[in-house]
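As stored in run09.txt (compact mmCIF, C-alpha atoms):
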# COMPACT_ATOMS: atom_id res chain seq x y z
CA MET K 1 -1.64 -12.74 -12.62
CA GLY K 2 -5.12 -11.50 -13.38
CA ILE K 3 -4.56 -8.44 -11.21
CA GLY K 4 -1.84 -6.91 -13.37
CA LEU K 5 -2.93 -7.98 -16.86
CA VAL K 6 -5.09 -4.91 -17.48
CA ASP K 7 -2.71 -2.10 -16.47
CA PRO K 8 -0.60 -2.04 -19.69
CA ILE K 9 -3.69 -1.45 -21.88
CA LEU K 10 -5.12 1.65 -20.18
CA LYS K 11 -3.74 4.03 -22.79
CA PRO K 12 -4.70 1.81 -25.79
CA ILE K 13 -8.25 1.62 -24.41
CA ALA K 14 -8.39 5.41 -24.18
CA GLU K 15 -7.10 5.83 -27.73
CA GLN K 16 -9.27 3.20 -29.43
CA LEU K 17 -12.49 3.95 -27.54
CA HIS K 18 -11.93 7.74 -27.65
CA ALA K 19 -11.98 8.06 -23.87
CA SER K 20 -10.20 10.49 -21.55
CA PRO K 21 -7.79 9.37 -18.80
CA SER K 22 -10.39 10.11 -16.13
CA GLN K 23 -12.95 7.96 -17.94
CA VAL K 24 -10.52 5.06 -18.28
CA SER K 25 -9.53 5.41 -14.62
CA LEU K 26 -13.14 4.64 -13.72
CA LEU K 27 -12.17 1.01 -14.39
CA PHE K 28 -10.33 1.20 -11.07
CA THR K 29 -12.98 3.33 -9.36
CA SER K 30 -15.91 0.98 -10.04
CA TYR K 31 -13.75 -2.04 -9.25
CA MET K 32 -12.56 -0.72 -5.87
CA ALA K 33 -15.89 0.75 -4.81
CA VAL K 34 -17.62 -2.60 -5.25
CA ILE K 35 -14.80 -4.47 -3.52
CA GLY K 36 -15.02 -2.10 -0.56
CA VAL K 37 -18.75 -2.57 -0.07
CA ALA K 38 -18.60 -6.30 -0.84
CA MET K 39 -15.96 -6.88 1.84
CA LEU K 40 -18.72 -6.24 4.39
CA ILE K 41 -20.61 -9.31 3.20
CA THR K 42 -17.84 -11.77 2.31
CA GLY K 43 -17.48 -13.04 5.86
CA ALA K 44 -21.23 -13.53 6.16
CA VAL K 45 -21.35 -15.39 2.84
CA SER K 46 -18.37 -17.64 3.59
CA SER K 47 -19.60 -18.55 7.06
CA ARG K 48 -22.95 -19.65 5.62
CA ILE K 49 -21.98 -21.55 2.46
CA GLY K 50 -18.39 -22.56 3.20
CA ALA K 51 -15.04 -21.39 1.85
CA LYS K 52 -14.94 -23.61 -1.25
CA ARG K 53 -18.30 -22.47 -2.55
CA THR K 54 -17.35 -18.85 -1.85
CA LEU K 55 -14.16 -19.27 -3.90
CA LEU K 56 -16.02 -20.96 -6.76
CA ILE K 57 -18.66 -18.23 -6.91
CA GLY K 58 -16.01 -15.51 -6.81
CA LEU K 59 -13.97 -17.11 -9.61
CA ALA K 60 -17.06 -17.72 -11.76
CA VAL K 61 -18.10 -14.07 -11.40
CA ILE K 62 -14.62 -12.91 -12.46
CA VAL K 63 -14.66 -15.21 -15.51
CA VAL K 64 -18.03 -13.90 -16.69
CA PHE K 65 -17.37 -10.20 -16.16
CA SER K 66 -13.79 -10.16 -17.48
CA ALA K 67 -15.00 -11.89 -20.66
CA LEU K 68 -17.87 -9.40 -20.98
CA ALA K 69 -15.38 -6.53 -20.57
CA GLY K 70 -13.35 -8.00 -23.45
CA LEU K 71 -16.49 -8.06 -25.62
CA SER K 72 -17.43 -4.45 -24.80
CA ASN K 73 -17.49 -1.64 -27.33
CA SER K 74 -17.63 1.37 -25.01
CA ILE K 75 -15.79 2.61 -21.96
CA GLY K 76 -19.06 2.72 -20.01
CA MET K 77 -19.65 -0.99 -20.56
CA ILE K 78 -16.11 -1.87 -19.45
CA VAL K 79 -16.50 0.24 -16.30
CA ALA K 80 -19.79 -1.52 -15.48
CA PHE K 81 -18.35 -4.98 -16.03
CA ARG K 82 -15.29 -4.11 -13.92
CA ALA K 83 -17.72 -3.47 -11.05
CA GLY K 84 -19.00 -7.03 -11.37
CA TRP K 85 -15.41 -8.21 -11.57
CA GLY K 86 -14.77 -6.44 -8.24
CA LEU K 87 -17.54 -8.43 -6.56
CA GLY K 88 -15.95 -11.70 -7.66
CA ASN K 89 -12.53 -10.54 -6.53
CA ALA K 90 -13.84 -9.63 -3.08
CA LEU K 91 -15.33 -13.09 -2.61
CA PHE K 92 -12.07 -14.72 -3.68
CA ILE K 93 -9.46 -12.70 -1.77
CA ALA K 94 -11.45 -12.82 1.46
CA THR K 95 -11.07 -16.60 1.75
CA ALA K 96 -8.01 -17.53 -0.37
CA LEU K 97 -5.22 -17.77 2.21
CA ALA K 98 -7.36 -19.24 4.98
CA THR K 99 -8.41 -22.01 2.56
CA ILE K 100 -4.81 -22.68 1.53
CA VAL K 101 -3.71 -22.97 5.17
CA ASN K 102 -6.59 -25.29 6.05
CA SER K 103 -5.96 -27.53 3.02
CA ALA K 104 -2.16 -27.76 3.23
CA ALA K 105 -0.52 -31.08 4.07
CA GLY K 106 2.42 -29.40 5.82
CA SER K 107 2.68 -26.72 8.50
CA VAL K 108 0.98 -23.32 8.53
CA ALA K 109 4.36 -21.64 7.92
CA GLU K 110 5.01 -23.79 4.83
CA ALA K 111 1.55 -23.01 3.46
CA ILE K 112 2.08 -19.27 3.87
CA ILE K 113 5.49 -19.44 2.17
CA LEU K 114 3.90 -21.21 -0.81
CA TYR K 115 1.14 -18.62 -0.92
CA GLU K 116 3.57 -15.70 -0.79
CA ALA K 117 5.76 -17.24 -3.50
CA ALA K 118 2.82 -17.83 -5.84
CA LEU K 119 1.48 -14.33 -5.14
CA GLY K 120 4.84 -12.75 -5.89
CA VAL K 121 5.30 -14.59 -9.17
CA GLY K 122 1.75 -13.75 -10.25
CA ILE K 123 1.97 -10.05 -9.40
CA ALA K 124 5.22 -9.73 -11.34
CA ALA K 125 4.19 -11.85 -14.33
CA GLY K 126 0.73 -10.31 -14.80
CA PRO K 127 1.83 -6.99 -16.36
CA LEU K 128 4.33 -8.82 -18.55
CA VAL K 129 1.68 -11.15 -19.98
CA GLY K 130 -0.80 -8.28 -20.21
CA GLY K 131 1.71 -6.24 -22.19
CA GLU K 132 2.21 -9.04 -24.69
CA LEU K 133 -1.52 -9.69 -25.09
CA GLY K 134 -2.09 -5.95 -25.37
CA THR K 135 0.15 -5.75 -28.43
CA ILE K 136 -2.43 -7.95 -30.21
CA SER K 137 -5.52 -6.10 -28.98
CA TRP K 138 -6.65 -4.18 -25.93
CA ARG K 139 -9.26 -6.94 -25.55
CA GLY K 140 -6.55 -9.60 -25.16
CA PRO K 141 -5.79 -9.08 -21.44
CA PHE K 142 -9.49 -9.23 -20.52
CA PHE K 143 -9.86 -12.57 -22.27
CA GLY K 144 -6.54 -13.62 -20.71
CA VAL K 145 -7.99 -13.02 -17.26
CA ALA K 146 -11.07 -15.07 -18.18
CA VAL K 147 -8.88 -17.99 -19.30
CA LEU K 148 -6.68 -17.85 -16.17
CA MET K 149 -9.68 -17.71 -13.85
CA THR K 150 -11.35 -20.59 -15.70
CA ILE K 151 -8.26 -22.70 -15.03
CA ALA K 152 -8.36 -21.62 -11.38
CA LEU K 153 -12.07 -22.43 -11.22
CA ALA K 154 -11.52 -25.95 -12.57
CA ALA K 155 -8.59 -26.57 -10.22
CA THR K 156 -10.60 -25.38 -7.22
CA ALA K 157 -13.64 -27.44 -8.16
CA PHE K 158 -11.77 -30.72 -8.67
CA LEU K 159 -8.75 -30.50 -6.35
CA LEU K 160 -9.93 -28.58 -3.29
CA PRO K 161 -11.70 -30.62 -0.58
CA ALA K 162 -15.22 -29.59 0.38
CA SER K 163 -15.51 -27.13 3.25
CA PRO K 164 -18.66 -27.03 5.40
CA PRO K 165 -20.24 -23.80 6.64
CA GLU K 166 -18.78 -22.38 9.86
CA ALA K 167 -20.42 -23.08 13.20
CA ARG K 168 -20.74 -19.35 13.94
CA ARG K 169 -22.34 -17.20 11.28
CA THR K 170 -20.75 -13.78 10.81
CA SER K 171 -22.93 -10.66 10.77
CA VAL K 172 -22.65 -7.99 8.09
CA LEU K 173 -22.54 -5.34 10.83
CA GLU K 174 -19.50 -6.78 12.64
CA PRO K 175 -16.88 -4.99 10.46
CA LEU K 176 -18.64 -1.64 10.95
CA LYS K 177 -18.76 -2.16 14.72
CA ALA K 178 -15.06 -3.03 14.70
CA LEU K 179 -14.26 0.48 13.42
CA ARG K 180 -15.26 1.84 16.82
CA HIS K 181 -11.79 0.81 17.95
CA ARG K 182 -9.60 3.87 17.45
CA SER K 183 -6.52 1.81 16.65
CA LEU K 184 -8.21 -0.06 13.80
CA ALA K 185 -9.85 3.11 12.45
CA THR K 186 -6.44 4.86 12.48
CA VAL K 187 -4.80 2.15 10.37
CA ALA K 188 -7.79 2.04 8.00
CA VAL K 189 -7.74 5.81 7.35
CA THR K 190 -3.96 5.62 6.89
CA ALA K 191 -4.48 3.00 4.19
CA LEU K 192 -7.21 5.10 2.55
CA LEU K 193 -4.82 8.06 2.18
CA TYR K 194 -1.96 5.81 1.09
CA ASN K 195 -4.23 4.41 -1.63
CA PHE K 196 -4.45 7.88 -3.18
CA GLY K 197 -0.76 7.70 -3.92
CA PHE K 198 -0.85 4.02 -4.83
CA PHE K 199 -3.58 4.32 -7.43
CA THR K 200 -2.18 7.54 -8.85
CA LEU K 201 0.89 5.48 -9.65
CA LEU K 202 -1.09 2.52 -10.95
CA ALA K 203 -3.93 4.18 -12.86
CA PHE K 204 -2.47 7.46 -14.08
CA THR K 205 1.24 6.88 -14.80
CA PRO K 206 0.63 4.91 -18.05
CA PHE K 207 -0.78 8.11 -19.64
CA PRO K 208 2.25 10.45 -19.25
CA LEU K 209 4.52 7.49 -20.04
CA ALA K 210 2.73 7.25 -23.42
CA MET K 211 4.45 3.98 -24.36
CA SER K 212 3.31 0.76 -26.02
CA ALA K 213 1.46 -1.92 -24.07
CA ARG K 214 4.59 -4.10 -24.13
CA GLU K 215 6.79 -1.31 -22.74
CA ILE K 216 4.28 -0.47 -20.00
CA GLY K 217 4.08 -4.17 -19.18
CA LEU K 218 7.85 -4.40 -18.80
CA ILE K 219 7.95 -1.37 -16.48
CA PHE K 220 5.23 -2.75 -14.24
CA PHE K 221 6.91 -6.16 -14.39
CA GLY K 222 9.90 -4.50 -12.73
CA TRP K 223 7.53 -2.86 -10.25
CA GLY K 224 5.97 -6.24 -9.44
CA ILE K 225 9.34 -7.94 -8.98
CA CYS K 226 10.40 -5.24 -6.49
CA LEU K 227 7.05 -5.38 -4.68
CA ALA K 228 7.13 -9.16 -4.35
CA PHE K 229 10.76 -9.23 -3.19
CA THR K 230 10.43 -6.64 -0.42
CA SER K 231 7.04 -7.95 0.69
CA VAL K 232 8.34 -11.47 1.28
CA PHE K 233 12.01 -10.99 2.19
CA VAL K 234 12.65 -7.40 3.35
CA ALA K 235 9.55 -6.45 5.35
CA PRO K 236 9.87 -9.30 7.92
CA ARG K 237 13.53 -8.42 8.58
CA LEU K 238 12.82 -4.73 9.06
CA GLN K 239 9.89 -5.58 11.31
CA ARG K 240 12.04 -7.82 13.50
CA ARG K 241 14.70 -5.13 13.87
CA PHE K 242 12.77 -1.86 14.15
CA GLY K 243 9.08 -2.64 14.74
CA THR K 244 6.03 -2.34 12.49
CA LEU K 245 5.02 1.27 13.12
CA PRO K 246 8.44 3.00 12.71
CA VAL K 247 9.17 1.10 9.49
CA ALA K 248 5.71 1.76 8.02
CA MET K 249 5.97 5.51 8.69
CA THR K 250 9.47 5.68 7.19
CA VAL K 251 8.47 3.76 4.08
CA LEU K 252 5.41 5.98 3.57
CA LEU K 253 7.66 9.05 3.72
CA LEU K 254 9.94 7.51 1.09
CA PHE K 255 6.97 6.63 -1.14
CA GLY K 256 5.66 10.19 -0.83
CA ALA K 257 9.08 11.53 -1.82
CA ASP K 258 9.14 9.18 -4.81
CA LEU K 259 5.77 10.50 -6.01
CA ALA K 260 6.96 14.10 -5.55
CA VAL K 261 10.04 13.42 -7.71
CA MET K 262 7.78 11.85 -10.36
CA GLY K 263 5.70 15.04 -10.27
CA VAL K 264 8.72 17.29 -10.77
CA TYR K 265 9.94 15.18 -13.69
CA ALA K 266 6.52 14.16 -15.05
CA HIS K 267 7.60 15.11 -18.60
CA HIS K 268 10.66 12.85 -18.48
CA LYS K 269 9.70 9.27 -19.28
CA PRO K 270 12.90 7.62 -17.93
CA VAL K 271 12.34 9.26 -14.53
CA LEU K 272 8.69 8.17 -14.47
CA ALA K 273 9.63 4.60 -15.39
CA ALA K 274 12.33 4.50 -12.70
CA GLY K 275 9.89 6.03 -10.20
CA VAL K 276 7.35 3.26 -10.82
CA ILE K 277 9.93 0.51 -10.32
CA VAL K 278 11.45 2.09 -7.20
CA ALA K 279 7.94 2.54 -5.76
CA GLY K 280 7.57 -1.24 -5.85
CA LEU K 281 10.31 -1.53 -3.21
CA PHE K 282 8.40 0.75 -0.82
CA LEU K 283 4.94 -0.64 -1.61
CA GLY K 284 5.95 -4.24 -0.92
CA ILE K 285 7.17 -3.33 2.57
CA ASN K 286 4.19 -1.11 3.30
CA ASN K 287 1.57 -3.58 2.07
CA THR K 288 2.90 -6.27 4.37
CA LEU K 289 3.39 -4.12 7.47
CA ILE K 290 0.17 -2.11 7.24
CA THR K 291 -1.89 -5.27 6.84
CA GLU K 292 0.05 -6.86 9.68
CA ALA K 293 -0.85 -3.81 11.75
CA VAL K 294 -4.53 -4.32 10.95
CA MET K 295 -4.47 -7.84 12.35
CA ALA K 296 -3.05 -6.63 15.65
CA ALA K 297 -4.83 -3.27 15.87
CA ALA K 298 -8.01 -4.26 17.71
CA PRO K 299 -9.37 -7.13 19.86
CA VAL K 300 -11.59 -8.53 17.10
CA GLU K 301 -11.38 -11.58 14.84
CA ARG K 302 -8.85 -11.24 12.05
CA GLY K 303 -11.46 -11.73 9.34
CA THR K 304 -13.60 -8.98 10.82
CA ALA K 305 -10.61 -6.63 11.09
CA SER K 306 -9.68 -7.33 7.46
CA ALA K 307 -13.21 -6.63 6.26
CA ALA K 308 -13.47 -3.36 8.22
CA TYR K 309 -10.08 -2.19 6.98
CA SER K 310 -10.80 -3.10 3.37
CA PHE K 311 -14.19 -1.39 3.46
CA VAL K 312 -12.62 1.94 4.45
CA ARG K 313 -9.59 1.87 2.18
CA PHE K 314 -11.32 0.60 -0.96
CA SER K 315 -14.55 2.57 -0.65
CA GLY K 316 -12.76 5.82 0.13
CA GLY K 317 -9.85 5.18 -2.20
CA ALA K 318 -12.13 4.56 -5.16
CA VAL K 319 -12.15 8.29 -5.98
CA ALA K 320 -8.34 8.50 -6.29
CA PRO K 321 -7.93 7.05 -9.83
CA TRP K 322 -10.68 9.27 -11.25
CA LEU K 323 -9.33 12.36 -9.47
CA ALA K 324 -5.81 11.73 -10.78
CA GLY K 325 -7.09 11.45 -14.35
CA LYS K 326 -9.24 14.57 -14.01
CA LEU K 327 -6.39 16.67 -12.61
CA GLY K 328 -4.09 15.43 -15.35
CA GLU K 329 -6.62 16.42 -18.04
CA GLU K 330 -7.73 19.80 -16.76
CA VAL K 331 -4.61 21.15 -15.00
CA ASN K 332 -1.35 19.39 -15.89
CA ILE K 333 0.25 15.96 -15.66
CA GLN K 334 2.36 16.97 -12.64
CA LEU K 335 -0.48 17.77 -10.24
CA PRO K 336 -1.80 14.17 -9.80
CA PHE K 337 1.61 13.10 -8.50
CA TYR K 338 1.80 16.07 -6.12
CA VAL K 339 -1.70 15.31 -4.78
CA GLY K 340 -0.76 11.67 -4.37
CA ALA K 341 2.43 12.63 -2.50
CA PHE K 342 0.47 15.00 -0.23
CA ALA K 343 -2.09 12.28 0.56
CA VAL K 344 0.70 9.84 1.48
CA LEU K 345 2.24 12.47 3.80
CA LEU K 346 -1.18 12.90 5.42
CA ALA K 347 -1.22 9.13 5.90
CA VAL K 348 2.01 9.43 7.91
CA GLY K 349 0.39 12.11 10.06
CA VAL K 350 -2.70 9.98 10.70
CA LEU K 351 -0.57 6.98 11.59
CA ALA K 352 1.44 9.15 13.98
CA THR K 353 -1.77 9.95 15.92
CA GLY K 354 -1.93 6.25 16.74
CA TRP K 355 1.52 6.24 18.34
CA LYS K 356 0.01 5.47 21.79
CA PRO K 357 -2.98 3.27 20.83
CA LEU K 358 -0.66 1.24 18.58
CA SER K 359 2.24 1.19 21.03
CA HIS K 360 2.49 -2.61 20.79
CA LEU K 361 3.48 -2.16 17.11
CA ARG K 362 6.42 0.13 17.93
CA VAL K 363 8.65 -2.59 19.30
CA PRO K 364 10.63 -5.06 17.14
CA THR K 365 8.74 -8.31 16.68
CA ALA K 366 8.86 -11.49 14.67
CA HIS K 367 6.91 -11.58 11.41
CA SER K 368 3.55 -13.12 12.33
CA GLU K 369 2.23 -16.05 10.38
CA SER K 370 -1.21 -14.66 9.71
CA GLU K 371 -3.45 -13.95 6.78
CA ALA K 372 -2.19 -10.36 6.57
CA GLU K 373 -0.47 -11.20 3.29
CA ALA K 374 -3.82 -12.08 1.73
CA LEU K 375 -4.62 -8.39 1.31
CA THR K 376 -1.41 -7.77 -0.64
CA ALA K 377 -3.15 -9.20 -3.70
CA ALA K 378 -5.99 -6.70 -3.40
CA ASP K 379 -3.57 -3.82 -2.92
CA ALA K 380 -1.61 -4.73 -5.99

Can you dump the structure from the file as structure tokens?
Amino acid sequence: MGIGLVDPILKPIAEQLHASPSQVSLLFTSYMAVIGVAMLITGAVSSRIGAKRTLLIGLAVIVVFSALAGLSNSIGMIVAFRAGWGLGNALFIATALATIVNSAAGSVAEAIILYEAALGVGIAAGPLVGGELGTISWRGPFFGVAVLMTIALAATAFLLPASPPEARRTSVLEPLKALRHRSLATVAVTALLYNFGFFTLLAFTPFPLAMSAREIGLIFFGWGICLAFTSVFVAPRLQRRFGTLPVAMTVLLLFGADLAVMGVYAHHKPVLAAGVIVAGLFLGINNTLITEAVMAAAPVERGTASAAYSFVRFSGGAVAPWLAGKLGEEVNIQLPFYVGAFAVLLAVGVLATGWKPLSHLRVPTAHSESEAEALTAADA
């Protein structure tokens, strides 16, 4: 829920703190840049202090920095505190699903289903709650995140069994070395380009929509519902029938077309609102399949592959929200959507270059029960 609480208040923040769209979009830029770099160290931290302590530290950092963001009086302070928030988020998402699987009383499959269900409900409900809190004050969602993460912190501290450090300590350099594999690097660059479109939608669309926090929250609630539904129920079926790579390329083409339509009709609020919601259908499928592809892209440990992939897509994609805001300010509100659509089309081209190295992902296959879904939270 904490992921989506802030999105409905981007425009109120800009209005009340006299900030431009590109300045407000730096909330996403600082957040993602820190997550990208921090993903290189999360495996090393977790392997040395254990998963539970890593989760507790991550949650505590989020509580502190989200509360400080709510107490801020300038856009610069919020951007700085969002960077600290990103560090906490990186520590949490890197170990969340693995901890759930290890702690579950039932099977691995049952644990993953519970995780996916909770993730879907949270992604959808976050913007809705954020919209309601935002009608009170733009500070409300930040404090809402702090309260939610405090509850999560207490639950983790008292209900989660202790987890000892791992026998093998992970090196910070392992994710960087993993990028030597062309297949993994191909998927990572694809995700970087796809993120340009994704964060144009997420960080810039609230400005041309120019609606209240509640209305923005309702639109992104619809987006979250669509994303959660296709991620959990549609993506596995398409994967089983057509294969990971063909479906991912098709869905990226559809997402690019959706952004292009939003660019053409950027001055028509109903079209923009519909475009956001429809995008959720494509993003849910893509998030699942691209992260599944990462896990099977190279002969390295899944945690290492995740860290390498996240480092590229978050660090490189951090510029996208700022660029979208800048283009919207200095050129027109249509251009950010066109640039986002072009970047997504480039992502299709990059993924196509991996047709042979990723040949094992072209054939229909059963949906794997892996921690690929863990990265859906970071994407959203």

>> So that I can see what lies close to segment 214-227 of chain K, please list as a count of residues only the residues with an atom at most 6 Å from it, counting all atoms listed in the file and leaving out residues fewer than 6 positions away in the same chain.
In response: 11

>> Considering all atoms listed in the file, can you say which of K:Thr205, K:Ser231, K:Thr190, K:Asn102 comes closest to Ile9 of chain K?
In response: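 Closest candidate: K:Thr205.
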
Using all atoms of segment 50-61 of chain K listed in the file and a margin of 5 Å per side, can you give the axis-aligned box centre and edge lengths in Å to one decimal, as JSON?
{"center_x": -16.3, "center_y": -18.8, "center_z": -4.3, "size_x": 14.7, "size_y": 19.5, "size_z": 25.0}

> With all atoms listed in the file as the atoms that count, which of K:Val187, K:Val278, K:Leu192, K:Ile151 lies nearest to Thr291 of chain K?
Replying inline: K:Val187

Need the shell around Leu327 of chain K: protein/DNA/RNA residues with any atom at most 12 Å away, counting only C-alpha atoms. Skip same-chain ones fewer than 4 positions apart. Format as a PDB file with C-alpha atoms, in the coordinates of the input?
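Output below, filename out_14.pdb:
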ATOM      1  CA  SER K  20     -10.200  10.490 -21.550  1.00  0.00           C
ATOM      2  CA  PRO K  21      -7.790   9.370 -18.800  1.00  0.00           C
ATOM      3  CA  SER K  22     -10.390  10.110 -16.130  1.00  0.00           C
ATOM      4  CA  SER K  25      -9.530   5.410 -14.620  1.00  0.00           C
ATOM      5  CA  THR K 200      -2.180   7.540  -8.850  1.00  0.00           C
ATOM      6  CA  PHE K 204      -2.470   7.460 -14.080  1.00  0.00           C
ATOM      7  CA  ALA K 320      -8.340   8.500  -6.290  1.00  0.00           C
ATOM      8  CA  PRO K 321      -7.930   7.050  -9.830  1.00  0.00           C
ATOM      9  CA  TRP K 322     -10.680   9.270 -11.250  1.00  0.00           C
ATOM     10  CA  LEU K 323      -9.330  12.360  -9.470  1.00  0.00           C
ATOM     11  CA  VAL K 331      -4.610  21.150 -15.000  1.00  0.00           C
ATOM     12  CA  ASN K 332      -1.350  19.390 -15.890  1.00  0.00           C
ATOM     13  CA  ILE K 333       0.250  15.960 -15.660  1.00  0.00           C
ATOM     14  CA  GLN K 334       2.360  16.970 -12.640  1.00  0.00           C
ATOM     15  CA  LEU K 335      -0.480  17.770 -10.240  1.00  0.00           C
ATOM     16  CA  PRO K 336      -1.800  14.170  -9.800  1.00  0.00           C
ATOM     17  CA  PHE K 337       1.610  13.100  -8.500  1.00  0.00           C
ATOM     18  CA  TYR K 338       1.800  16.070  -6.120  1.00  0.00           C
ATOM     19  CA  VAL K 339      -1.700  15.310  -4.780  1.00  0.00           C
ATOM     20  CA  GLY K 340      -0.760  11.670  -4.370  1.00  0.00           C
TER      21      GLY K 340
END

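Reported to one decimal place, the separation of atom CA of Pro357 of chain K from atom CA of Ser183 of chain K is 5.7 Å.
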
> What does the distance between atom CA of Thr150 of chain K and atom CA of Asn73 of chain K come to in Å, to one decimal place?
Replying inline: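 Atom CA of Asn73 of chain K lies 23.1 Å from atom CA of Thr150 of chain K.
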
> Using only C-alpha atoms, which of K:Glu301, K:Asp258, K:Glu166, K:Glu329 sits nearest Leu184 of chain K?
Replying inline: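 Closest to Leu184 of chain K of all the choices is K:Glu301.
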
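Using all atoms listed in the file, the shortest contact distance between Phe255 of chain K and any of K:Val232, K:Ala347, K:Ala305, K:Ile62 is found at K:Ala347.
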
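Rounded to one decimal, atom CA of His181 of chain K and atom CA of Val45 of chain K lie 24.1 Å from each other.
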
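Using all atoms listed in the file, the nearest neighbour of Met77 of chain K within the list K:Ala266, K:Val189, K:Ile41, K:Val24 is K:Val24.
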